[in-house]
Structures are given as structure tokens and as C-alpha cells.
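*Asks:* Got a structure here, written out as C-alpha cells. Questions coming.
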Amino acid sequence: MAHVSMVLNGKRVSGTVEDRTLLVAFIRENQGLTGTHVGCDTSQCGACVIHVDGKAVKACTMLAAQADGTEVVTLEGLAKGGTLHPVQAAFREHHGLQCGFCTPGMIMAAVDMIERHGAGNLDEATIRHELEGNICRCTGYQNIVKAIKAASDEMAGLQQAAE
């Protein structure tokens with residue numbers, strides 16, 4: 001058994017888990033945060049993408065014990081004070097979802113993408129390339145790409161306004 005302690009969406013959490021417990025299971029089953037989805041269990045679909053210490057990680061590929069002492073952000077941790085994160089709002093506004101199963105992973109991957117490339121610095125080709133590790137079985141990705149581009153551009157505008 002392993003004792004795990006981390007900051008999850010800004011809150012210190014801990015628990016005792018079997019050594020083989022995946023981080024996605026700890027988040028969903030031990031902490032009750034079901035926004036992180038389990039899709040394929042093979043790291044192919046990207047439905048379980050979260051951020052660990054500021055980097056996008058597929059939570060089905062990481063043991064909960066490996067996350068001990070880290071800062072983890074899930075889809076539930078993006079919104080602040082009841083206001084959706086710009087990527088969440090853009091997915092809603094541009095209908096970047098259909099059934100919604102892949103949406104949490106897509107949003108978390110998009111936030112990471114924007115942070116790494118810089119707000120306003122994404123084009124369609126880059127977005128499509130970056131989404132190769134996330135599978136959506138419902139869409140042709142067009143609205144997902146449109147939502148990510150719109151969020152990136154909006155976030156660039158917010159940064160300029162703050163300066």
C-alpha cells in the first residue's frame with residue numbers, strides 16, 4: 001500500500017492506495033472527481049489528460065504513487081470563481097463537443113497546448129498535430145480546432161488588455 005498526498009485543484013488531498021492504483025482511478029474513485037474520463041486504458045485516446053506540475057499527462061499511464069507530492073489539475077480545477085476557463089467557454093460557444101466523452105481530455109490538452117505555444121500563436125495545422133494523442137469518435141475535429149483557436153486568440157487578447 002502507498003500513501004499519496006498531492007495538491008489536487010488547489011486543495012491538499014491524501015489517501016492510501018494499492019501500489020498499482022492508477023492516477024486516474026485515484027482522482028475518480030478516491031477523490032470523486034469524475035470529469036477525468038477513462039476511455040481506452042492504453043493511453044491511446046487522451047480522455048484522461050490532466051496536468052501534473054503544469055504538464056499534460058495521460059492519467060491512465062501514471063501511478064497514483066508517482067503523483068505523490070505533485071500539483072494536479074483536472075477539468076474541474078480550470079474554472080475560477082464560477083467562471084469557465086476560456087478554453088471551456090470556447091468549447092461551449094463553438095460546439096467543440098458532441099457526446100462529450102473526449103471533451104475533458106481535449107480541453108486539458110488544449111490548455112497545455114496554449115500554455116506551451118503562447119496564447120495567440122496557434123494555427124490550425126499546429127492544433128491538429130498537437131491533438132494527435134486525443135481521439136474523438138463523434139466529430140471531424142473541425143469545431144474542436146475552431147474552439148481551441150478561438151480560445152487561444154481570446155487569451156492573447158486578455159493578456160494584452162492586462163498589460
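By convention in this document, the chains of the C-alpha cells carry letters A, B, ... by their order, each chain's residues are numbered from 1, and ligands are numbered from 1 in the order they are shown.
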Could you list, as an MDAnalysis selection string, every residue within 9 Å of Cys45 in chain A, counting only C-alpha atoms and ignoring same-chain residues fewer than 2 positions away?
*Replies:* chainID A and resid 38:43 47:48 102 105 133:136
*Asks:* Can you pull out every residue within 12 Å of range 15-23 of chain A, counting only C-alpha atoms, but drop anything in the same chain fewer than 5 positions away, and send it as number ranges by chain?
*Replies:* A: 1-8, 28-31, 33, 36-38, 41-43, 48-52, 57-68, 70, 72-74
*Asks:* Would you put the residues from that selection into a file with C-alpha atoms, as a PDB file, in the first residue's frame?
*Replies:*
```pdb
ATOM      1  CA  MET A   1       0.000   0.000   0.000  1.00  0.00           C
ATOM      2  CA  ALA A   2       1.172   3.520  -0.773  1.00  0.00           C
ATOM      3  CA  HIS A   3       0.310   6.764   0.961  1.00  0.00           C
ATOM      4  CA  VAL A   4      -0.322   9.504  -1.592  1.00  0.00           C
ATOM      5  CA  SER A   5      -0.509  13.230  -0.927  1.00  0.00           C
ATOM      6  CA  MET A   6      -0.873  15.945  -3.555  1.00  0.00           C
ATOM      7  CA  VAL A   7      -2.456  19.288  -4.276  1.00  0.00           C
ATOM      8  CA  LEU A   8      -5.477  18.498  -6.433  1.00  0.00           C
ATOM      9  CA  ARG A  28     -12.135   9.416  -9.912  1.00  0.00           C
ATOM     10  CA  GLU A  29     -12.661   6.820  -7.196  1.00  0.00           C
ATOM     11  CA  ASN A  30     -10.813   8.186  -4.165  1.00  0.00           C
ATOM     12  CA  GLN A  31     -11.480  11.886  -4.767  1.00  0.00           C
ATOM     13  CA  LEU A  33     -13.759  13.916  -9.470  1.00  0.00           C
ATOM     14  CA  THR A  36     -11.336  12.898 -15.971  1.00  0.00           C
ATOM     15  CA  HIS A  37     -12.551  10.036 -18.140  1.00  0.00           C
ATOM     16  CA  VAL A  38     -11.221   6.528 -18.643  1.00  0.00           C
ATOM     17  CA  ASP A  41      -6.878   2.095 -20.678  1.00  0.00           C
ATOM     18  CA  THR A  42      -3.986   2.028 -23.162  1.00  0.00           C
ATOM     19  CA  SER A  43      -3.048   5.742 -23.385  1.00  0.00           C
ATOM     20  CA  CYS A  48      -7.822  11.094 -19.226  1.00  0.00           C
ATOM     21  CA  VAL A  49      -5.489  14.051 -19.863  1.00  0.00           C
ATOM     22  CA  ILE A  50      -4.796  16.121 -16.746  1.00  0.00           C
ATOM     23  CA  HIS A  51      -1.971  18.458 -15.717  1.00  0.00           C
ATOM     24  CA  VAL A  52       0.725  17.295 -13.314  1.00  0.00           C
ATOM     25  CA  VAL A  57      -0.202  13.837 -18.679  1.00  0.00           C
ATOM     26  CA  LYS A  58      -2.427  10.902 -19.539  1.00  0.00           C
ATOM     27  CA  ALA A  59      -3.594   9.855 -16.079  1.00  0.00           C
ATOM     28  CA  CYS A  60      -4.058   6.241 -17.178  1.00  0.00           C
ATOM     29  CA  THR A  61      -0.283   5.968 -17.704  1.00  0.00           C
ATOM     30  CA  MET A  62       0.774   7.203 -14.275  1.00  0.00           C
ATOM     31  CA  LEU A  63       0.522   5.505 -10.920  1.00  0.00           C
ATOM     32  CA  ALA A  64      -1.069   7.472  -8.106  1.00  0.00           C
ATOM     33  CA  ALA A  65       2.111   6.914  -6.076  1.00  0.00           C
ATOM     34  CA  GLN A  66       4.130   8.648  -8.807  1.00  0.00           C
ATOM     35  CA  ALA A  67       1.994  11.764  -8.270  1.00  0.00           C
ATOM     36  CA  ASP A  68       2.868  11.949  -4.574  1.00  0.00           C
ATOM     37  CA  THR A  70       2.826  16.963  -7.093  1.00  0.00           C
ATOM     38  CA  VAL A  72      -2.526  18.094 -10.188  1.00  0.00           C
ATOM     39  CA  VAL A  73      -5.188  19.993 -12.116  1.00  0.00           C
ATOM     40  CA  THR A  74      -8.211  18.304 -13.651  1.00  0.00           C
TER      41      THR A  74
END
```
*Asks:* So how many Å separate CA of Asp53 in chain A and CA of Met113 in chain A, to one decimal?
*Replies:*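 Computed distance, CA of Asp53 in chain A to CA of Met113 in chain A, equals 14.7 Å.
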*Asks:* Under the rule that only C-alpha atoms are counted, which of A:Gln98, A:Arg12, A:Asn121, A:Pro86 is the nearest residue to Glu71 in chain A?
*Replies:*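 Answer, going by the shortest atom-to-atom distance: A:Arg12.
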*Asks:* Which residue gives the smallest distance to Ile114 in chain A among A:Ile148, A:Leu75, A:Ala56, A:Val24, with only C-alpha atoms counted?
*Replies:* A:Ile148
*Asks:* Do you have the CA of Thr103 in chain A-CA of Ala162 in chain A distance handy?
*Replies:* 28.9 Å
*Asks:* From a DSSP pass on the backbone, collect the residues of range 22-72 of chain A flagged as strand (DSSP E) and hand them back as a list in words.
*Replies:*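 Listing strand (DSSP E) positions across range 22-72 of chain A yields Val49, Ile50, His51, Val52, Lys55, Ala56, Val57, Lys58, Glu71 and Val72 of chain A.
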*Asks:* Please dump the current selection as a PDB file, in the first residue's frame; keep N, CA and C atoms.
*Replies:*
```pdb
ATOM      1  N   VAL A  49      -6.542  13.039 -19.993  1.00  0.00           N
ATOM      2  CA  VAL A  49      -5.489  14.051 -19.863  1.00  0.00           C
ATOM      3  C   VAL A  49      -5.791  14.989 -18.700  1.00  0.00           C
ATOM      4  N   ILE A  50      -4.767  15.192 -17.868  1.00  0.00           N
ATOM      5  CA  ILE A  50      -4.796  16.121 -16.746  1.00  0.00           C
ATOM      6  C   ILE A  50      -3.470  16.871 -16.768  1.00  0.00           C
ATOM      7  N   HIS A  51      -3.264  17.774 -15.837  1.00  0.00           N
ATOM      8  CA  HIS A  51      -1.971  18.458 -15.717  1.00  0.00           C
ATOM      9  C   HIS A  51      -1.320  18.055 -14.405  1.00  0.00           C
ATOM     10  N   VAL A  52      -0.078  17.627 -14.493  1.00  0.00           N
ATOM     11  CA  VAL A  52       0.725  17.295 -13.314  1.00  0.00           C
ATOM     12  C   VAL A  52       1.926  18.227 -13.327  1.00  0.00           C
ATOM     13  N   LYS A  55       2.200  20.163 -16.578  1.00  0.00           N
ATOM     14  CA  LYS A  55       2.382  19.485 -17.864  1.00  0.00           C
ATOM     15  C   LYS A  55       1.245  18.510 -18.106  1.00  0.00           C
ATOM     16  N   ALA A  56       0.804  18.428 -19.359  1.00  0.00           N
ATOM     17  CA  ALA A  56      -0.261  17.490 -19.712  1.00  0.00           C
ATOM     18  C   ALA A  56       0.258  16.061 -19.585  1.00  0.00           C
ATOM     19  N   VAL A  57      -0.548  15.234 -18.919  1.00  0.00           N
ATOM     20  CA  VAL A  57      -0.202  13.837 -18.679  1.00  0.00           C
ATOM     21  C   VAL A  57      -1.457  13.005 -18.875  1.00  0.00           C
ATOM     22  N   LYS A  58      -1.306  11.836 -19.468  1.00  0.00           N
ATOM     23  CA  LYS A  58      -2.427  10.902 -19.539  1.00  0.00           C
ATOM     24  C   LYS A  58      -2.458  10.154 -18.205  1.00  0.00           C
ATOM     25  N   GLU A  71       1.470  18.757  -7.943  1.00  0.00           N
ATOM     26  CA  GLU A  71       0.271  19.573  -8.076  1.00  0.00           C
ATOM     27  C   GLU A  71      -0.472  19.081  -9.310  1.00  0.00           C
ATOM     28  N   VAL A  72      -1.717  18.679  -9.125  1.00  0.00           N
ATOM     29  CA  VAL A  72      -2.526  18.094 -10.188  1.00  0.00           C
ATOM     30  C   VAL A  72      -3.731  18.993 -10.450  1.00  0.00           C
TER      31      VAL A  72
END
```
*Asks:* Counting only C-alpha atoms, which of A:Gly46, A:Ser152, A:Ala147, A:Ala25 gets nearest to His95 in chain A?
*Replies:*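 Closest residue, counting only C-alpha atoms: A:Ala147.
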*Asks:* Have a look at CA of Leu97 in chain A and CA of Gly54 in chain A and let me know their distance in Å, one decimal.
*Replies:* 24.3 Å
*Asks:* Using backbone DSSP assignments, extract all alpha helix (DSSP H) residues from chain A; output them as a PDB file with C-alpha atoms, in the first residue's frame.
*Replies:*
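Wrote it out as result-v4.pdb, contents follow:
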```
ATOM      1  CA  LEU A  23      -3.708   8.198 -11.002  1.00  0.00           C
ATOM      2  CA  VAL A  24      -6.957   8.318 -12.975  1.00  0.00           C
ATOM      3  CA  ALA A  25      -8.503   5.831 -10.519  1.00  0.00           C
ATOM      4  CA  PRO A  86     -11.548  30.461 -21.773  1.00  0.00           C
ATOM      5  CA  VAL A  87     -10.962  27.030 -23.344  1.00  0.00           C
ATOM      6  CA  GLN A  88     -14.042  25.599 -21.617  1.00  0.00           C
ATOM      7  CA  ALA A  89     -16.104  28.596 -22.735  1.00  0.00           C
ATOM      8  CA  ALA A  90     -14.820  28.304 -26.311  1.00  0.00           C
ATOM      9  CA  PHE A  91     -15.737  24.605 -26.485  1.00  0.00           C
ATOM     10  CA  ARG A  92     -19.257  25.522 -25.412  1.00  0.00           C
ATOM     11  CA  GLU A  93     -19.538  28.522 -27.733  1.00  0.00           C
ATOM     12  CA  THR A 103     -14.074  16.719 -24.110  1.00  0.00           C
ATOM     13  CA  PRO A 104     -12.282  16.797 -20.734  1.00  0.00           C
ATOM     14  CA  GLY A 105      -9.092  15.402 -22.250  1.00  0.00           C
ATOM     15  CA  MET A 106      -9.368  17.674 -25.281  1.00  0.00           C
ATOM     16  CA  ILE A 107      -9.792  20.744 -23.081  1.00  0.00           C
ATOM     17  CA  MET A 108      -6.874  19.820 -20.833  1.00  0.00           C
ATOM     18  CA  ALA A 109      -4.683  19.115 -23.878  1.00  0.00           C
ATOM     19  CA  ALA A 110      -5.752  22.458 -25.382  1.00  0.00           C
ATOM     20  CA  VAL A 111      -4.878  24.416 -22.231  1.00  0.00           C
ATOM     21  CA  ASP A 112      -1.441  22.776 -22.209  1.00  0.00           C
ATOM     22  CA  MET A 113      -1.007  23.492 -25.928  1.00  0.00           C
ATOM     23  CA  ILE A 114      -1.830  27.179 -25.485  1.00  0.00           C
ATOM     24  CA  GLU A 115       0.492  27.485 -22.494  1.00  0.00           C
ATOM     25  CA  ARG A 116       3.397  25.871 -24.361  1.00  0.00           C
ATOM     26  CA  HIS A 117       2.965  27.741 -27.658  1.00  0.00           C
ATOM     27  CA  GLU A 124      -4.960  25.014 -37.486  1.00  0.00           C
ATOM     28  CA  ALA A 125      -2.067  22.771 -38.550  1.00  0.00           C
ATOM     29  CA  THR A 126      -0.373  23.059 -35.154  1.00  0.00           C
ATOM     30  CA  ILE A 127      -3.605  22.384 -33.292  1.00  0.00           C
ATOM     31  CA  ARG A 128      -4.375  19.313 -35.409  1.00  0.00           C
ATOM     32  CA  HIS A 129      -0.831  17.995 -34.938  1.00  0.00           C
ATOM     33  CA  GLU A 130      -0.985  18.555 -31.166  1.00  0.00           C
ATOM     34  CA  GLN A 142     -13.350  20.960 -37.081  1.00  0.00           C
ATOM     35  CA  ASN A 143     -15.287  22.527 -34.215  1.00  0.00           C
ATOM     36  CA  ILE A 144     -12.702  21.330 -31.695  1.00  0.00           C
ATOM     37  CA  VAL A 145      -9.940  23.015 -33.691  1.00  0.00           C
ATOM     38  CA  LYS A 146     -12.088  26.144 -34.099  1.00  0.00           C
ATOM     39  CA  ALA A 147     -12.738  26.256 -30.332  1.00  0.00           C
ATOM     40  CA  ILE A 148      -9.048  25.894 -29.451  1.00  0.00           C
ATOM     41  CA  LYS A 149      -8.037  28.591 -31.936  1.00  0.00           C
ATOM     42  CA  ALA A 150     -10.741  30.939 -30.618  1.00  0.00           C
ATOM     43  CA  ALA A 151      -9.675  30.326 -27.005  1.00  0.00           C
ATOM     44  CA  SER A 152      -6.016  30.915 -27.855  1.00  0.00           C
ATOM     45  CA  ASP A 153      -6.845  34.190 -29.589  1.00  0.00           C
ATOM     46  CA  GLU A 154      -9.127  35.306 -26.737  1.00  0.00           C
ATOM     47  CA  MET A 155      -6.461  34.513 -24.163  1.00  0.00           C
ATOM     48  CA  ALA A 156      -3.964  36.583 -26.178  1.00  0.00           C
ATOM     49  CA  GLY A 157      -6.421  39.486 -26.112  1.00  0.00           C
ATOM     50  CA  LEU A 158      -6.870  39.120 -22.352  1.00  0.00           C
ATOM     51  CA  GLN A 159      -3.076  39.161 -21.878  1.00  0.00           C
ATOM     52  CA  GLN A 160      -2.730  42.310 -23.999  1.00  0.00           C
ATOM     53  CA  ALA A 161      -5.520  44.035 -22.089  1.00  0.00           C
ATOM     54  CA  ALA A 162      -3.830  43.182 -18.772  1.00  0.00           C
TER      55      ALA A 162
END
```
*Asks:* Of the residues A:Gly118, A:Asp123, A:Gly100, A:Ala79, which is the one nearest to Thr139 in chain A, using only C-alpha atoms?
*Replies:*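 Using only C-alpha atoms, Thr139 in chain A sits closest to A:Gly100.
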